[in-house]
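Trainee: So that we are looking at the same thing, I have put the structure below in structure tokens.
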Amino acid sequence: MQYFTDTDMGLDIGLVNAAVESAFADHGRGLVQMPPKIYVTLPAGDFRTMPAYLPSLDIAGVKIVNVHPDNPAKGLPTVMALTVILDTGTGKPVAILNATRLTDMRTGAAGAVACKYLSPKKEIVLGVIGTGKQAEAQVLAISRELKIQHIKVWSRDISHVRRFADRFMEFPCSAGPLEQVCDCDVLVTTTPSRSPIVRDEWIHEGTHINAIGADAPGKEELDPAILQRAQVFVDDPAQAVHSGEINVPISTGLFREVDIAGTIGEVVIGKKQRRDPDAITVFDSTGLAIQDLAIAKIAMQHGKTFELPFP
């Protein structure tokens, strides 16, 4: 059995976007096995287990990923992950991957795929709420699918905005209050908020929103009124209802599962689409195990390997 580290080194983001897009297409056609992720609550955070089988790549496995919001103060990432790959013929464990940075990349790729299909414009002003690793991953991946003319950024800490702008010096970048940042073509939200921070009146017609931050029960970043007038596409209905952006509005009766416009996989295969250029679209991303398998397939060709004994 092999252990893969430095798995993100040398990975072409465009290739990762394409791999995640293909996995979404398989999901849209019903060609994958993937039960909803399971959450275990810990004193300072949680961890999730995410199993799947992706027949088109002949790969199966499970990712274990934690979310601990206070970790940065301890010098640790908020999110860390490990993926175990199994031989599909025997079930034998064949590889373990350090998937911490891969998780950022595959989530960024999901947002990029959503923008590719749902943004009515190919040259955009990008609004980014939150400035952590996932915000960076979203910008990097989206820039491969759309031309970014300008980035508007909001963070509770202005020093984080400066660091973010330094990271993306190739794009004109400006800080602003939430309302100004929401005046954009594509909006990306990447915060751990448990109450809406984006108000309905700030979102104009034709905006596409990647709602990334809500990835556990009780989290929400968007005013439910936005969802009520938008086309809401999810990565997977079972996960989104439980832990995506729509989970709180559904629990309070402000949104219904039947109001979901479709899955991003259905959009990729052409079964569902944006109504018109003036529609508001929302991609509710919870993160799928098939995304992890798709990127693991690529990463195992690039990462450093160490042999591990296995009986």
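Starting from 1 in every chain, residues are counted up; chains themselves are A, B, ... following the order of the structure tokens, and ligands are numbered from 1 as listed.
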Would you list, as a list of chain:residue names, the residues of range 142-243 of chain A that end up in strand (DSSP E) under DSSP run on this structure's backbone?
Mentor: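 Filtering range 142-243 of chain A to strand (DSSP E) leaves A:Lys147, A:Ile148, A:Gln149, A:His150, A:Ile151, A:Lys152, A:Val153, A:Trp154, A:Cys173, A:Ser174, A:Ala175, A:Val186, A:Leu187, A:Val188, A:Thr189, A:His208, A:Ile209, A:Asn210, A:Ala211, A:Gln231, A:Val232, A:Phe233, A:Val234.
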Trainee: Would you give me, as a ChimeraX atom specification, the residues in range 117-200 of chain A that DSSP reads as helix (DSSP H, G or I)?
Mentor: /A:117-118,133-142,158-167,178-181,200
Trainee: Go through A:Ile124, A:Val65, A:Met300, A:Val282 one by one, measure the shortest atom-to-atom distance of each to Met9 in chain A using only C-alpha atoms, and give the residue with the smallest value.
Mentor: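 Using only C-alpha atoms, Met9 in chain A sits closest to A:Met300.
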Trainee: Show which residues sit within 7 Å of range 155-168 of chain A, as a PyMOL selection string. Count only C-alpha atoms, and ignore same-chain residues fewer than 2 positions away.
Mentor: chain A and resi 129-131+153+170-171+173+175
Trainee: What's the 8 Å shell around Asp104 in chain A, counting only C-alpha atoms, without same-chain residues fewer than 6 positions away, as a ChimeraX atom specification?
Mentor: /A:133-134,137
Trainee: Mind dumping the selected residues with N, CA, C and O atoms as a compact mmCIF listing (two decimals), in the first residue's frame?
Mentor:
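File result-v5.txt, as written:
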```
# COMPACT_ATOMS: atom_id res chain seq x y z
N LYS A 133 -8.63 29.80 2.67
CA LYS A 133 -8.10 28.91 1.65
C LYS A 133 -9.12 28.59 0.57
O LYS A 133 -8.80 28.49 -0.61
N GLN A 134 -10.39 28.42 0.97
CA GLN A 134 -11.40 28.08 -0.03
C GLN A 134 -11.71 29.25 -0.94
O GLN A 134 -11.96 29.07 -2.13
N ALA A 137 -9.06 29.12 -3.46
CA ALA A 137 -9.27 28.01 -4.39
C ALA A 137 -10.36 28.34 -5.41
O ALA A 137 -10.26 27.98 -6.58
```
Trainee: Write out as a list in words each polymer residue whose atoms come within 7 Å of range 213-229 of chain A, counting only C-alpha atoms; drop sequence neighbours fewer than 5 positions from it.
Mentor: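 Residues meeting the cut-off are Thr189, Thr190, Thr191, Pro192, Ser193, Arg194, Ser195, Pro196, Ile197, Val198, Arg199, Asp200, His242, Ser243, Gly244, Glu245, Asn247, Val248, Pro249, Leu254, Phe255 and Thr286 of chain A.
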Trainee: For Trp202 in chain A, please output as a list in words all residues within 8 Å (counting only C-alpha atoms; exclusion window: fewer than 5 positions along the same chain).
Mentor: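 Final neighbour list, sorted by chain and number: Glu179, Cys182 and Asp183 of chain A.
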Trainee: With C-alpha atoms retained, export the selected residues as an mmCIF file, in the first residue's frame.
Mentor:
```cif
data_model
loop_
_atom_site.group_PDB
_atom_site.id
_atom_site.type_symbol
_atom_site.label_atom_id
_atom_site.label_comp_id
_atom_site.auth_asym_id
_atom_site.auth_seq_id
_atom_site.Cartn_x
_atom_site.Cartn_y
_atom_site.Cartn_z
ATOM 1 C CA GLU A 179 -23.380 45.440 -0.063
ATOM 2 C CA CYS A 182 -22.515 41.743 -3.704
ATOM 3 C CA ASP A 183 -22.809 44.155 -6.645
#
```
Trainee: Rank A:Glu136, A:Asp292, A:Glu21, A:Asp276 by their smallest atom-to-atom distance to Val84 in chain A, using only C-alpha atoms, and report the top residue only.
Mentor: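 Of A:Glu136, A:Asp292, A:Glu21, A:Asp276, the one nearest Val84 in chain A is A:Asp292, counting only C-alpha atoms.
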Trainee: State, in Å with one decimal place, the distance from CA of Val241 in chain A to CA of Leu146 in chain A.
Mentor: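 Interatomic distance, CA of Val241 in chain A to CA of Leu146 in chain A: 29.1 Å.
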